[in-house]
$ cat my_file.cif   # mmCIF, C-alpha atoms
data_structure
#
loop_
_atom_site.label_atom_id
_atom_site.label_comp_id
_atom_site.auth_asym_id
_atom_site.auth_seq_id
_atom_site.Cartn_x
_atom_site.Cartn_y
_atom_site.Cartn_z
CA MET A 551 23.63 -19.11 -7.22
CA ARG A 552 21.07 -21.20 -9.13
CA ASP A 553 19.33 -22.26 -5.89
CA ALA A 554 19.32 -18.68 -4.58
CA LEU A 555 17.39 -17.53 -7.64
CA ASP A 556 14.99 -20.44 -7.80
CA ALA A 557 11.35 -19.36 -7.61
CA THR A 558 10.04 -22.93 -7.72
CA PRO A 559 7.22 -23.86 -7.15
CA TYR A 560 5.96 -20.50 -8.42
CA ASP A 561 5.71 -19.90 -12.15
CA ALA A 562 4.42 -16.29 -12.20
CA LEU A 563 4.08 -13.14 -10.10
CA LEU A 564 0.90 -11.03 -10.10
CA LEU A 565 1.08 -7.33 -9.20
CA LEU A 566 -2.33 -6.65 -7.66
CA SER A 567 -3.37 -3.04 -7.16
CA PHE A 568 -6.37 -0.80 -6.62
CA GLY A 569 -6.66 0.75 -10.08
CA GLY A 570 -7.68 4.25 -11.07
CA PRO A 571 -9.32 6.26 -13.86
CA GLU A 572 -7.26 7.34 -16.86
CA GLY A 573 -9.52 10.10 -18.17
CA PRO A 574 -12.57 12.21 -17.21
CA ASP A 575 -15.04 9.70 -18.67
CA ASP A 576 -13.56 6.96 -16.46
CA VAL A 577 -14.06 8.71 -13.11
CA VAL A 578 -17.71 7.89 -12.33
CA PRO A 579 -17.55 4.30 -13.69
CA PHE A 580 -14.40 3.75 -11.62
CA LEU A 581 -16.10 5.07 -8.48
CA GLU A 582 -19.12 2.87 -9.24
CA ASN A 583 -16.74 -0.10 -9.18
CA VAL A 584 -15.19 1.02 -5.90
CA THR A 585 -18.55 1.59 -4.19
CA ARG A 586 -20.53 -1.26 -5.79
CA GLY A 587 -23.29 -2.55 -3.50
CA ARG A 588 -23.50 0.60 -1.39
CA GLY A 589 -26.29 2.28 -3.39
CA ILE A 590 -24.52 5.62 -3.81
CA PRO A 591 -26.27 7.85 -6.43
CA LYS A 592 -24.34 8.85 -9.54
CA GLU A 593 -24.63 12.55 -8.66
CA ARG A 594 -22.95 11.88 -5.33
CA LEU A 595 -20.17 9.98 -7.11
CA LYS A 596 -19.57 12.99 -9.37
CA GLU A 597 -19.12 15.10 -6.25
CA VAL A 598 -16.78 12.52 -4.71
CA GLY A 599 -14.81 12.43 -7.96
CA ARG A 600 -13.97 16.15 -7.89
CA HIS A 601 -10.44 15.31 -6.72
CA TYR A 602 -9.88 13.34 -9.91
CA PHE A 603 -11.37 16.05 -12.12
CA LEU A 604 -8.86 18.54 -10.67
CA PHE A 605 -6.15 16.36 -12.25
CA GLY A 606 -7.85 15.88 -15.61
CA GLY A 607 -9.69 12.74 -14.44
CA VAL A 608 -6.44 10.81 -14.35
CA SER A 609 -5.14 8.96 -11.31
CA PRO A 610 -1.37 8.55 -11.28
CA ILE A 611 -1.62 5.03 -9.82
CA ASN A 612 -1.75 3.18 -13.14
CA ASP A 613 1.38 4.88 -14.47
CA GLN A 614 3.04 4.22 -11.10
CA ASN A 615 2.21 0.54 -11.48
CA ARG A 616 3.57 0.47 -15.01
CA ALA A 617 6.81 1.96 -13.70
CA LEU A 618 6.93 -0.62 -10.91
CA LEU A 619 6.34 -3.41 -13.42
CA ASP A 620 9.27 -2.14 -15.49
CA ALA A 621 11.47 -1.94 -12.39
CA LEU A 622 10.53 -5.46 -11.27
CA ARG A 623 11.08 -6.95 -14.72
CA LYS A 624 14.45 -5.24 -15.01
CA ASP A 625 15.55 -6.39 -11.56
CA PHE A 626 14.44 -9.97 -12.16
CA ALA A 627 16.16 -10.08 -15.56
CA ASP A 628 19.37 -8.51 -14.22
CA HIS A 629 19.54 -11.18 -11.52
CA GLY A 630 18.57 -14.14 -13.66
CA LEU A 631 15.17 -14.70 -12.07
CA GLY A 632 13.00 -15.95 -14.90
CA LEU A 633 9.61 -15.30 -13.38
CA PRO A 634 7.01 -13.62 -15.64
CA ILE A 635 5.14 -10.70 -14.05
CA TYR A 636 1.52 -9.77 -14.72
CA TRP A 637 -0.64 -6.88 -13.52
CA GLY A 638 -4.28 -6.81 -12.45
CA ASN A 639 -6.46 -4.26 -10.62
CA ARG A 640 -9.41 -4.55 -8.29
CA ASN A 641 -11.39 -1.60 -9.69
CA TRP A 642 -10.15 -0.70 -13.18
CA ALA A 643 -8.47 -2.12 -16.24
CA PRO A 644 -6.53 -4.32 -16.38
CA TYR A 645 -9.11 -6.10 -14.23
CA LEU A 646 -8.00 -8.88 -11.91
CA THR A 647 -10.30 -11.54 -13.38
CA ASP A 648 -9.10 -10.79 -16.92
CA THR A 649 -5.47 -10.97 -15.85
CA LEU A 650 -5.95 -14.28 -14.03
CA ARG A 651 -7.73 -15.68 -17.10
CA GLU A 652 -4.73 -14.64 -19.21
CA MET A 653 -2.32 -16.25 -16.74
CA ILE A 654 -4.26 -19.50 -16.81
CA ALA A 655 -4.28 -19.45 -20.64
CA ASP A 656 -0.50 -18.95 -20.52
CA GLY A 657 -0.20 -22.14 -18.48
CA HIS A 658 0.54 -20.73 -15.02
CA ARG A 659 -0.56 -22.90 -12.09
CA ARG A 660 1.34 -21.54 -9.05
CA ILE A 661 0.92 -17.79 -8.76
CA LEU A 662 2.45 -15.49 -6.16
CA VAL A 663 0.68 -12.18 -5.52
CA LEU A 664 2.25 -8.82 -4.65
CA ALA A 665 -0.36 -6.40 -3.30
CA THR A 666 0.45 -2.69 -3.37
CA SER A 667 -0.24 -2.39 0.35
CA ALA A 668 2.51 -2.93 2.91
CA TYR A 669 0.42 -3.21 6.08
CA ALA A 670 -2.24 -5.44 7.65
CA SER A 671 -5.86 -4.24 7.48
CA TYR A 672 -9.14 -5.29 5.95
CA SER A 673 -8.86 -2.86 3.02
CA GLY A 674 -5.12 -3.42 2.62
CA CYS A 675 -5.07 -7.23 2.76
CA ARG A 676 -8.28 -9.17 3.39
CA GLN A 677 -10.21 -7.26 0.73
CA TYR A 678 -7.55 -8.08 -1.86
CA ARG A 679 -7.88 -11.73 -0.84
CA GLU A 680 -11.66 -11.53 -1.19
CA ASN A 681 -11.25 -10.09 -4.69
CA LEU A 682 -8.93 -12.96 -5.57
CA ALA A 683 -11.54 -15.45 -4.35
CA GLU A 684 -14.29 -13.71 -6.37
CA SER A 685 -12.17 -13.88 -9.50
CA LEU A 686 -11.31 -17.53 -8.94
CA ALA A 687 -15.01 -18.32 -8.47
CA ALA A 688 -15.84 -16.56 -11.74
CA LEU A 689 -13.11 -18.46 -13.61
CA GLU A 690 -14.20 -21.74 -12.03
CA ALA A 691 -17.72 -21.07 -13.34
CA GLU A 692 -16.17 -20.72 -16.81
CA GLY A 693 -14.81 -24.25 -16.44
CA LEU A 694 -11.16 -23.20 -16.19
CA GLU A 695 -8.54 -25.12 -14.22
CA LEU A 696 -7.73 -22.88 -11.26
CA PRO A 697 -4.17 -22.06 -10.22
CA LYS A 698 -2.98 -22.15 -6.61
CA ILE A 699 -2.46 -18.62 -5.38
CA ASP A 700 -0.31 -17.37 -2.49
CA LYS A 701 0.26 -13.80 -1.34
CA LEU A 702 3.57 -12.22 -0.33
CA ARG A 703 3.78 -11.21 3.33
CA HIS A 704 3.48 -7.61 4.49
CA TYR A 705 6.70 -5.73 3.81
CA PHE A 706 6.33 -2.65 6.03
CA ASN A 707 9.63 -3.39 7.80
CA HIS A 708 11.72 -4.65 4.87
CA PRO A 709 14.79 -2.42 4.35
CA GLY A 710 14.05 -2.18 0.62
CA PHE A 711 10.75 -0.51 1.49
CA LEU A 712 12.10 1.67 4.31
CA ASP A 713 15.42 2.88 2.89
CA PRO A 714 13.94 4.91 0.00
CA MET A 715 11.65 6.67 2.48
CA VAL A 716 14.58 7.45 4.77
CA ASP A 717 16.29 9.13 1.80
CA GLY A 718 13.08 11.00 1.01
CA VAL A 719 12.76 12.42 4.53
CA ILE A 720 16.41 13.48 4.59
CA GLU A 721 16.07 15.17 1.19
CA SER A 722 12.94 16.99 2.37
CA LEU A 723 14.67 18.17 5.53
CA ALA A 724 17.58 19.44 3.46
CA ASP A 725 15.14 21.40 1.29
CA LEU A 726 13.79 23.35 4.28
CA PRO A 727 15.29 26.75 5.16
CA GLU A 728 18.37 26.22 7.28
CA ASP A 729 17.06 28.21 10.22
CA VAL A 730 14.08 25.84 10.72
CA ARG A 731 15.61 22.57 9.52
CA ASP A 732 16.89 21.11 12.79
CA GLY A 733 13.67 21.88 14.64
CA ALA A 734 11.44 20.34 11.97
CA HIS A 735 8.77 17.87 13.04
CA ILE A 736 8.13 14.72 10.98
CA ALA A 737 4.49 13.76 10.41
CA PHE A 738 4.32 10.14 9.23
CA SER A 739 1.04 9.91 7.35
CA THR A 740 -1.15 6.98 6.39
CA HIS A 741 -4.74 6.28 5.38
CA SER A 742 -7.23 6.64 8.21
CA ILE A 743 -9.55 3.67 8.71
CA PRO A 744 -12.42 3.08 11.16
CA THR A 745 -11.07 2.36 14.64
CA ALA A 746 -13.12 -0.87 14.69
CA SER A 747 -11.25 -2.06 11.59
CA ALA A 748 -7.90 -1.02 13.02
CA ASP A 749 -8.59 -2.81 16.31
CA THR A 750 -9.23 -6.11 14.51
CA SER A 751 -6.39 -5.84 12.00
CA GLY A 752 -3.83 -8.64 11.93
CA PRO A 753 -4.07 -12.03 13.68
CA VAL A 754 -6.60 -12.47 16.50
CA GLU A 755 -3.95 -12.53 19.23
CA GLY A 756 -2.87 -9.03 18.22
CA HIS A 757 -6.34 -7.50 18.20
CA GLY A 758 -6.84 -4.56 20.51
CA GLU A 759 -6.34 -0.82 20.38
CA GLY A 760 -5.13 -0.08 16.86
CA GLY A 761 -4.32 -3.73 16.15
CA ALA A 762 -1.56 -4.63 13.71
CA TYR A 763 -2.38 -1.67 11.47
CA VAL A 764 -1.28 0.96 13.97
CA ALA A 765 1.53 -1.16 15.44
CA GLN A 766 3.10 -1.77 12.03
CA HIS A 767 2.90 1.90 11.04
CA LEU A 768 4.42 2.99 14.35
CA GLU A 769 7.26 0.50 13.82
CA ALA A 770 7.94 1.74 10.29
CA ALA A 771 7.87 5.35 11.48
CA ARG A 772 10.25 4.60 14.35
CA LEU A 773 12.68 2.78 12.08
CA ILE A 774 12.71 5.68 9.61
CA ALA A 775 13.08 8.30 12.35
CA ASP A 776 15.95 6.34 13.92
CA ALA A 777 17.72 6.08 10.56
CA VAL A 778 17.25 9.80 9.93
CA ARG A 779 18.78 10.57 13.34
CA GLU A 780 21.74 8.28 12.68
CA ARG A 781 22.45 9.88 9.31
CA THR A 782 21.84 13.54 10.17
CA GLY A 783 22.79 13.66 13.84
CA VAL A 784 19.48 15.40 14.63
CA ASP A 785 16.72 13.79 16.67
CA HIS A 786 13.53 15.08 15.04
CA PRO A 787 10.24 14.76 16.95
CA TRP A 788 7.65 12.75 15.06
CA GLN A 789 4.09 11.46 15.17
CA LEU A 790 1.89 9.06 13.21
CA VAL A 791 -1.02 10.95 11.63
CA TYR A 792 -3.87 10.08 9.29
CA GLN A 793 -5.49 11.31 6.10
CA SER A 794 -8.17 10.52 3.52
CA ARG A 795 -10.99 9.85 5.97
CA SER A 796 -14.32 8.98 4.35
CA GLY A 797 -17.64 7.52 5.49
CA ALA A 798 -20.29 8.53 7.99
CA PRO A 799 -19.14 11.23 10.47
CA HIS A 800 -20.59 9.37 13.49
CA ILE A 801 -18.25 6.38 12.99
CA PRO A 802 -14.92 6.79 14.82
CA TRP A 803 -11.84 6.78 12.57
CA LEU A 804 -8.15 6.92 13.42
CA GLU A 805 -6.90 10.41 14.32
CA PRO A 806 -5.33 12.98 14.26
CA ASP A 807 -6.09 14.16 10.76
CA ILE A 808 -3.06 15.63 9.01
CA CYS A 809 -4.53 19.14 8.65
CA ASP A 810 -5.61 19.21 12.30
CA HIS A 811 -2.13 18.01 13.21
CA LEU A 812 -0.51 20.84 11.25
CA GLU A 813 -2.61 23.38 13.16
CA GLU A 814 -1.73 21.78 16.50
CA ARG A 815 1.99 21.61 15.73
CA HIS A 816 2.02 25.19 14.51
CA GLY A 817 0.24 26.28 17.69
CA SER A 818 2.86 24.51 19.79
CA GLY A 819 5.67 26.46 18.10
CA VAL A 820 7.07 23.86 15.69
CA PRO A 821 9.05 25.82 13.06
CA ALA A 822 8.57 23.40 10.12
CA VAL A 823 7.09 20.03 9.16
CA VAL A 824 8.05 17.21 6.83
CA ILE A 825 5.14 14.98 5.85
CA ALA A 826 6.24 11.42 5.09
CA PRO A 827 3.44 9.34 3.48
CA ILE A 828 4.64 5.96 4.76
CA GLY A 829 1.24 4.31 4.30
CA PHE A 830 1.37 4.54 0.50
CA VAL A 831 3.55 2.68 -1.98
CA SER A 832 3.18 5.35 -4.67
CA ASP A 833 2.04 8.94 -5.26
CA HIS A 834 -1.56 8.11 -6.10
CA MET A 835 -4.54 10.45 -5.89
CA GLU A 836 -4.84 10.53 -2.10
CA VAL A 837 -1.21 11.65 -1.82
CA LEU A 838 -1.56 14.26 -4.57
CA TYR A 839 -4.82 15.71 -3.26
CA ASP A 840 -4.85 15.18 0.52
CA LEU A 841 -1.19 16.07 1.02
CA ASP A 842 0.07 18.04 -1.99
CA THR A 843 -3.16 20.05 -2.25
CA GLU A 844 -5.09 20.19 1.05
CA ALA A 845 -2.26 19.82 3.55
CA LYS A 846 -0.04 22.13 1.52
CA ALA A 847 -2.80 24.78 1.50
CA LYS A 848 -3.24 24.42 5.27
CA ALA A 849 0.51 24.84 5.87
CA GLU A 850 0.59 27.93 3.66
CA GLU A 851 -2.41 29.37 5.51
CA LEU A 852 -0.55 28.85 8.81
CA GLY A 853 2.74 30.20 7.45
CA LEU A 854 4.32 26.86 8.37
CA PRO A 855 7.21 25.69 6.15
CA MET A 856 6.27 22.20 4.94
CA ARG A 857 7.80 19.62 2.64
CA ARG A 858 6.34 16.30 1.51
CA SER A 859 8.79 13.44 1.10
CA ALA A 860 8.62 10.87 -1.68
CA THR A 861 6.86 7.53 -1.63
CA VAL A 862 8.75 4.38 -2.59
CA GLY A 863 7.28 4.11 -6.07
CA ALA A 864 9.50 2.19 -8.48
CA ASP A 865 12.74 2.65 -6.54
CA PRO A 866 15.21 -0.12 -7.52
CA ARG A 867 15.66 -1.01 -3.85
CA PHE A 868 11.96 -1.75 -3.59
CA ALA A 869 12.10 -3.92 -6.69
CA ALA A 870 15.04 -5.77 -5.12
CA ALA A 871 13.02 -6.21 -1.93
CA ILE A 872 10.21 -7.85 -3.89
CA ARG A 873 12.72 -10.22 -5.49
CA ASP A 874 13.97 -11.04 -1.99
CA LEU A 875 10.41 -11.71 -0.76
CA VAL A 876 9.66 -13.93 -3.78
CA LEU A 877 12.76 -16.05 -3.19
CA GLU A 878 12.06 -16.18 0.55
CA ARG A 879 8.52 -17.45 0.05
CA ALA A 880 9.62 -19.92 -2.63
CA GLY A 881 12.21 -21.35 -0.23
CA VAL A 882 9.56 -21.72 2.47
CA GLU A 883 7.26 -23.54 0.05
CA ARG A 884 10.10 -25.93 -0.84
CA GLY A 885 10.56 -26.72 2.86
CA GLN A 886 13.93 -24.99 3.18
CA GLU A 887 15.15 -23.12 6.22
CA VAL A 888 14.78 -19.45 5.38
CA THR A 889 15.86 -16.40 7.36
CA PRO A 890 13.41 -13.63 6.44
CA CYS A 891 14.67 -10.08 6.04
CA ALA A 892 12.88 -7.69 8.40
CA LEU A 893 14.03 -4.79 10.56
CA GLY A 894 12.86 -3.87 14.04
CA ALA A 895 11.17 -5.60 16.91
CA LEU A 896 8.09 -6.96 15.11
CA GLY A 897 10.04 -9.27 12.82
CA ALA A 898 8.74 -10.80 9.61
CA ASP A 899 4.97 -11.02 9.31
CA HIS A 900 3.10 -14.27 8.62
CA ASN A 901 3.18 -15.83 5.15
CA VAL A 902 -0.36 -17.21 5.32
CA CYS A 903 -3.19 -15.20 6.87
CA PRO A 904 -4.69 -17.11 9.81
CA VAL A 905 -8.39 -17.48 10.59
CA GLY A 906 -9.78 -14.24 12.03
CA CYS A 907 -7.04 -12.06 10.52
CA CYS A 908 -8.44 -8.65 9.45
CA PRO A 909 -12.05 -9.93 9.49
CA ALA A 910 -14.54 -8.73 6.91
CA ARG A 911 -17.57 -6.61 7.67
CA ALA A 912 -19.62 -9.48 6.28
CA ALA A 913 -18.27 -13.00 5.87
CA LYS A 914 -16.89 -13.61 2.37
CA PRO A 915 -14.54 -16.25 0.99
CA ALA A 916 -10.93 -15.09 0.73
CA ALA A 917 -8.06 -16.69 -1.16
CA ALA A 918 -4.47 -17.16 0.05
CA GLY A 919 -5.35 -17.79 3.69
CA VAL A 920 -5.73 -20.69 6.10
CA ASP A 921 -9.51 -20.56 5.56
CA SER A 922 -9.34 -20.22 1.77
CA PRO A 923 -11.74 -22.40 -0.24
CA TYR A 924 -9.08 -22.47 -2.96
CA ALA A 925 -6.26 -24.34 -1.23
#
$ encode --input "my_file.cif" --output "C-alpha cells"
Amino acid sequence: MRDALDATPYDALLLLSFGGPEGPDDVVPFLENVTRGRGIPKERLKEVGRHYFLFGGVSPINDQNRALLDALRKDFADHGLGLPIYWGNRNWAPYLTDTLREMIADGHRRILVLATSAYASYSGCRQYRENLAESLAALEAEGLELPKIDKLRHYFNHPGFLDPMVDGVIESLADLPEDVRDGAHIAFSTHSIPTASADTSGPVEGHGEGGAYVAQHLEAARLIADAVRERTGVDHPWQLVYQSRSGAPHIPWLEPDICDHLEERHGSGVPAVVIAPIGFVSDHMEVLYDLDTEAKAKAEELGLPMRRSATVGADPRFAAAIRDLVLERAGVERGQEVTPCALGALGADHNVCPVGCCPARAAKPAAAGVDSPYA
C-alpha cells in the first residue's frame, strides 16, 4: 500500500488554470492579460468583456478551481497521499509566477503540473508549457534555484473524467419530456480553434485533418455515447460541435457552431437536444454564456427542447483520477512498469510532449517537453 501511494520523486502538485475576473473592475485588466501583445484597444476589450459584465464581472472559474483544490486535497488525504497542492493561473491571481516562487520558498524541487485542459492543442497544452517556461525564466533572473517541472498527460479518456459526464448526459435526458426523450440528439460541444491549429495538434505523426484535438474529442464523445447506450438501452445520435469562436472571420475555424447545429438539427426533425460540454473541465464563462445563454436562447427561438449536461468540475471521481495520474507518472519516473488507465482505442497519451507537438504560432521556449530548456 505504501508503494502504491508513493509520489516520489515529486514533492508537490500545481493546479494550473486560465484564471478569470472576480469583479467588474477586474474584467478589462484580465482581458489585457489574455490579449497582451496583440494591440487591442481598451474600448474593444470592454466590448469583448460584455459577457462577464452580464454576470457581475465574475467568472466562475476561480471558484471552480477552489472547489477542485478542496476535492483533490480531500482525496489525497483520505488515501494517505501526502502531496501538497498549490494553485496558479496564467491570466489572473493567483498568478503562476507568484505561485512557483512560493513553491520554491517552501522547498519544492520536483513539481508535477495538472492543467485544466484534457486535450492536446496549442492553447490547451503548449501555451501552458510556454507560460511555465516564462515563469521559470523570470524566477531564474531573480537568482532562485529552479525546480524540475513535469506535466500530467492528457486525461480525455480516463474513466474518472468520462464517468461524471456520462451521468450528466443521462440526467439531462431524463429531464426531457418523455415523448421526446428517446429521440433526443446529443451535441458534444468543445471550444472551436483555427483549423490550422487543430491540424497540427498532438505529435507530428498525428498531424493532419483535425489532428489530435479532433481525434481525442471524437473518442471521448464516442465513449460517452456508448456508455449512455449501455445504461439506457437507447442509441442516441450524436455529433461533435464547436463553440466560442473568436478572431478574424476570414480565418477558418472548426465547425459546426453549436447554434448553427441546433438550427440544422431542428430542421431535420430532431425532437430534442442534449448539449454535453465535453471540452471543458468546469462551468466557466464560455459554458455559462455560449451554452446557457446563447444556445439556450436559440433553442427557445426554435421551440426545440434542450438540456445542458454538467461538466466534471470537482466530482470526486475526477479527483480520484488525478490521484491515479499522479501515482502513474511517479511510477514511470522511478523506472517502474506502469499500466496506465485509459479507455478506448487511442490509449494513454504521451507523458512528455515531443518536438513539434502542438507547435506555437511563433517559436517560444516551453517547459515540460523534450525540447524544454529547463530539463
$ closest_residue --input "my_file.cif" --among "A:Cys903, A:Ala557, A:Val784, A:Leu565" --to "Ala880 in chain A" --atoms "all atoms listed in the file"
A:Ala557
$ resolve_selection --input "my_file.cif" --expression "the PyMOL selection byres ((chain A and resi 702-719) around 6)" --output "PDB file with C-alpha atoms, in the coordinates of the input"
ATOM      1  CA  VAL A 663       0.680 -12.180  -5.520  1.00  0.00           C
ATOM      2  CA  LEU A 664       2.250  -8.820  -4.650  1.00  0.00           C
ATOM      3  CA  ALA A 668       2.510  -2.930   2.910  1.00  0.00           C
ATOM      4  CA  TYR A 669       0.420  -3.210   6.080  1.00  0.00           C
ATOM      5  CA  LYS A 701       0.260 -13.800  -1.340  1.00  0.00           C
ATOM      6  CA  ILE A 720      16.410  13.480   4.590  1.00  0.00           C
ATOM      7  CA  GLU A 721      16.070  15.170   1.190  1.00  0.00           C
ATOM      8  CA  SER A 722      12.940  16.990   2.370  1.00  0.00           C
ATOM      9  CA  ALA A 770       7.940   1.740  10.290  1.00  0.00           C
ATOM     10  CA  ILE A 774      12.710   5.680   9.610  1.00  0.00           C
ATOM     11  CA  SER A 859       8.790  13.440   1.100  1.00  0.00           C
ATOM     12  CA  ALA A 860       8.620  10.870  -1.680  1.00  0.00           C
ATOM     13  CA  VAL A 862       8.750   4.380  -2.590  1.00  0.00           C
ATOM     14  CA  ARG A 867      15.660  -1.010  -3.850  1.00  0.00           C
ATOM     15  CA  PHE A 868      11.960  -1.750  -3.590  1.00  0.00           C
ATOM     16  CA  ALA A 871      13.020  -6.210  -1.930  1.00  0.00           C
ATOM     17  CA  ALA A 892      12.880  -7.690   8.400  1.00  0.00           C
ATOM     18  CA  LEU A 893      14.030  -4.790  10.560  1.00  0.00           C
ATOM     19  CA  ASN A 901       3.180 -15.830   5.150  1.00  0.00           C
TER      20      ASN A 901
END
$ resolve_selection --input "my_file.cif" --expression "the PyMOL selection byres ((chain A and resi 580) around 10)" --output "number ranges by chain"
A: 569-572, 575-579, 581-586, 595, 599, 641-643
$ write_last_selection --input "my_file.cif" --atoms "C-alpha atoms" --output "PDB file, in the frame of the given file"
ATOM      1  CA  GLY A 569      -6.660   0.750 -10.080  1.00  0.00           C
ATOM      2  CA  GLY A 570      -7.680   4.250 -11.070  1.00  0.00           C
ATOM      3  CA  PRO A 571      -9.320   6.260 -13.860  1.00  0.00           C
ATOM      4  CA  GLU A 572      -7.260   7.340 -16.860  1.00  0.00           C
ATOM      5  CA  ASP A 575     -15.040   9.700 -18.670  1.00  0.00           C
ATOM      6  CA  ASP A 576     -13.560   6.960 -16.460  1.00  0.00           C
ATOM      7  CA  VAL A 577     -14.060   8.710 -13.110  1.00  0.00           C
ATOM      8  CA  VAL A 578     -17.710   7.890 -12.330  1.00  0.00           C
ATOM      9  CA  PRO A 579     -17.550   4.300 -13.690  1.00  0.00           C
ATOM     10  CA  LEU A 581     -16.100   5.070  -8.480  1.00  0.00           C
ATOM     11  CA  GLU A 582     -19.120   2.870  -9.240  1.00  0.00           C
ATOM     12  CA  ASN A 583     -16.740  -0.100  -9.180  1.00  0.00           C
ATOM     13  CA  VAL A 584     -15.190   1.020  -5.900  1.00  0.00           C
ATOM     14  CA  THR A 585     -18.550   1.590  -4.190  1.00  0.00           C
ATOM     15  CA  ARG A 586     -20.530  -1.260  -5.790  1.00  0.00           C
ATOM     16  CA  LEU A 595     -20.170   9.980  -7.110  1.00  0.00           C
ATOM     17  CA  GLY A 599     -14.810  12.430  -7.960  1.00  0.00           C
ATOM     18  CA  ASN A 641     -11.390  -1.600  -9.690  1.00  0.00           C
ATOM     19  CA  TRP A 642     -10.150  -0.700 -13.180  1.00  0.00           C
ATOM     20  CA  ALA A 643      -8.470  -2.120 -16.240  1.00  0.00           C
TER      21      ALA A 643
END
$ residues_around --input "my_file.cif" --residues "Ile736 in chain A" --least-positions-apart "5" --cutoff "12 Å" --atoms "all atoms listed in the file" --output "ChimeraX atom specification"
/A:716,718-720,722-723,731,771-772,774-776,778-779,784-791,808,811-812,815,820-828,856-859
$ atom_distance --input "my_file.cif" --atom1 "CA of Pro744 in chain A" --atom2 "CA of Pro802 in chain A"
5.8 Å
$ closest_residue --input "my_file.cif" --among "A:Glu593, A:Pro909, A:Glu695, A:Glu684" --to "Asp749 in chain A" --atoms "only C-alpha atoms"
A:Pro909
$ resolve_selection --input "my_file.cif" --expression "the PyMOL selection byres ((chain A and resi 605) around 10)" --output "ChimeraX atom specification"
/A:573-574,600-604,606-610,835,838-839
$ closest_residue --input "my_file.cif" --among "A:Glu813, A:Asp833, A:Glu680, A:Asp840" --to "Pro923 in chain A" --atoms "all atoms listed in the file"
A:Glu680
$ residues_around --input "my_file.cif" --residues "Cys907 in chain A" --least-positions-apart "3" --cutoff "8 Å" --atoms "only C-alpha atoms" --output "list in words"
Arg676, Thr750, Ser751, Gly752, Pro753, Val754, Cys903 and Pro904 of chain A
$ closest_residue --input "my_file.cif" --among "A:His658, A:Arg911, A:His735, A:Arg588" --to "Gly819 in chain A" --atoms "all atoms listed in the file"
A:His735
$ atom_distance --input "my_file.cif" --atom1 "CA of Trp637 in chain A" --atom2 "CA of Gly919 in chain A"
20.9 Å
$ atom_distance --input "my_file.cif" --atom1 "CA of Leu631 in chain A" --atom2 "CA of Leu555 in chain A"
5.7 Å
$ residues_around --input "my_file.cif" --residues "Pro634 in chain A" --least-positions-apart "6" --cutoff "9 Å" --atoms "only C-alpha atoms" --output "PyMOL selection string"
chain A and resi 561-564+623+626
$ closest_residue --input "my_file.cif" --among "A:Gly657, A:Val730, A:Leu650, A:Pro855" --to "Ala688 in chain A" --atoms "all atoms listed in the file"
A:Leu650
$ axis_aligned_box --input "my_file.cif" --around "range 704-722 of chain A" --padding-each-side "6 Å" --output "JSON"
{"center_x": 9.9, "center_y": 4.7, "center_z": 3.9, "size_x": 24.9, "size_y": 36.6, "size_z": 19.8}
$ residues_around --input "my_file.cif" --residues "range 685-687 of chain A" --least-positions-apart "5" --cutoff "7 Å" --atoms "all atoms listed in the file" --output "MDAnalysis selection string"
chainID A and resid 646:647 696
$ closest_residue --input "my_file.cif" --among "A:Ser671, A:Ala895, A:Ala724, A:Val837" --to "Thr782 in chain A" --atoms "all atoms listed in the file"
A:Ala724
$ residues_around --input "my_file.cif" --residues "Ser794 in chain A" --least-positions-apart "3" --cutoff "8 Å" --atoms "all atoms listed in the file" --output "mmCIF file with C-alpha atoms, in the coordinates of the input"
data_model
loop_
_atom_site.group_PDB
_atom_site.id
_atom_site.type_symbol
_atom_site.label_atom_id
_atom_site.label_comp_id
_atom_site.auth_asym_id
_atom_site.auth_seq_id
_atom_site.Cartn_x
_atom_site.Cartn_y
_atom_site.Cartn_z
ATOM 1 C CA HIS A 741 -4.740 6.280 5.380
ATOM 2 C CA SER A 742 -7.230 6.640 8.210
ATOM 3 C CA GLU A 836 -4.840 10.530 -2.100
ATOM 4 C CA ASP A 840 -4.850 15.180 0.520
#
$ build_atoms --input "my_file.cif" --residues "range 793-802 of chain A" --atoms "N, CA and C atoms" --output "PDB file, in the coordinates of the input"
ATOM      1  N   GLN A 793      -4.921  10.511   7.171  1.00  0.00           N
ATOM      2  CA  GLN A 793      -5.490  11.310   6.100  1.00  0.00           C
ATOM      3  C   GLN A 793      -6.567  10.514   5.390  1.00  0.00           C
ATOM      4  N   SER A 794      -7.269  11.180   4.469  1.00  0.00           N
ATOM      5  CA  SER A 794      -8.170  10.520   3.520  1.00  0.00           C
ATOM      6  C   SER A 794      -9.363   9.849   4.193  1.00  0.00           C
ATOM      7  N   ARG A 795      -9.807  10.406   5.311  1.00  0.00           N
ATOM      8  CA  ARG A 795     -10.990   9.850   5.970  1.00  0.00           C
ATOM      9  C   ARG A 795     -12.199   9.953   5.047  1.00  0.00           C
ATOM     10  N   SER A 796     -13.057   8.946   5.078  1.00  0.00           N
ATOM     11  CA  SER A 796     -14.320   8.980   4.350  1.00  0.00           C
ATOM     12  C   SER A 796     -15.367   8.267   5.202  1.00  0.00           C
ATOM     13  N   GLY A 797     -16.622   8.241   4.736  1.00  0.00           N
ATOM     14  CA  GLY A 797     -17.640   7.520   5.490  1.00  0.00           C
ATOM     15  C   GLY A 797     -18.415   8.418   6.434  1.00  0.00           C
ATOM     16  N   ALA A 798     -19.371   7.799   7.119  1.00  0.00           N
ATOM     17  CA  ALA A 798     -20.290   8.530   7.990  1.00  0.00           C
ATOM     18  C   ALA A 798     -19.536   9.204   9.139  1.00  0.00           C
ATOM     19  N   PRO A 799     -19.862  10.477   9.447  1.00  0.00           N
ATOM     20  CA  PRO A 799     -19.140  11.230  10.470  1.00  0.00           C
ATOM     21  C   PRO A 799     -19.305  10.664  11.883  1.00  0.00           C
ATOM     22  N   HIS A 800     -20.377   9.878  12.133  1.00  0.00           N
ATOM     23  CA  HIS A 800     -20.590   9.370  13.490  1.00  0.00           C
ATOM     24  C   HIS A 800     -19.745   8.135  13.795  1.00  0.00           C
ATOM     25  N   ILE A 801     -19.087   7.573  12.788  1.00  0.00           N
ATOM     26  CA  ILE A 801     -18.250   6.380  12.990  1.00  0.00           C
ATOM     27  C   ILE A 801     -16.827   6.828  13.318  1.00  0.00           C
ATOM     28  N   PRO A 802     -16.272   6.371  14.441  1.00  0.00           N
ATOM     29  CA  PRO A 802     -14.920   6.790  14.820  1.00  0.00           C
ATOM     30  C   PRO A 802     -13.862   6.251  13.841  1.00  0.00           C
TER      31      PRO A 802
END
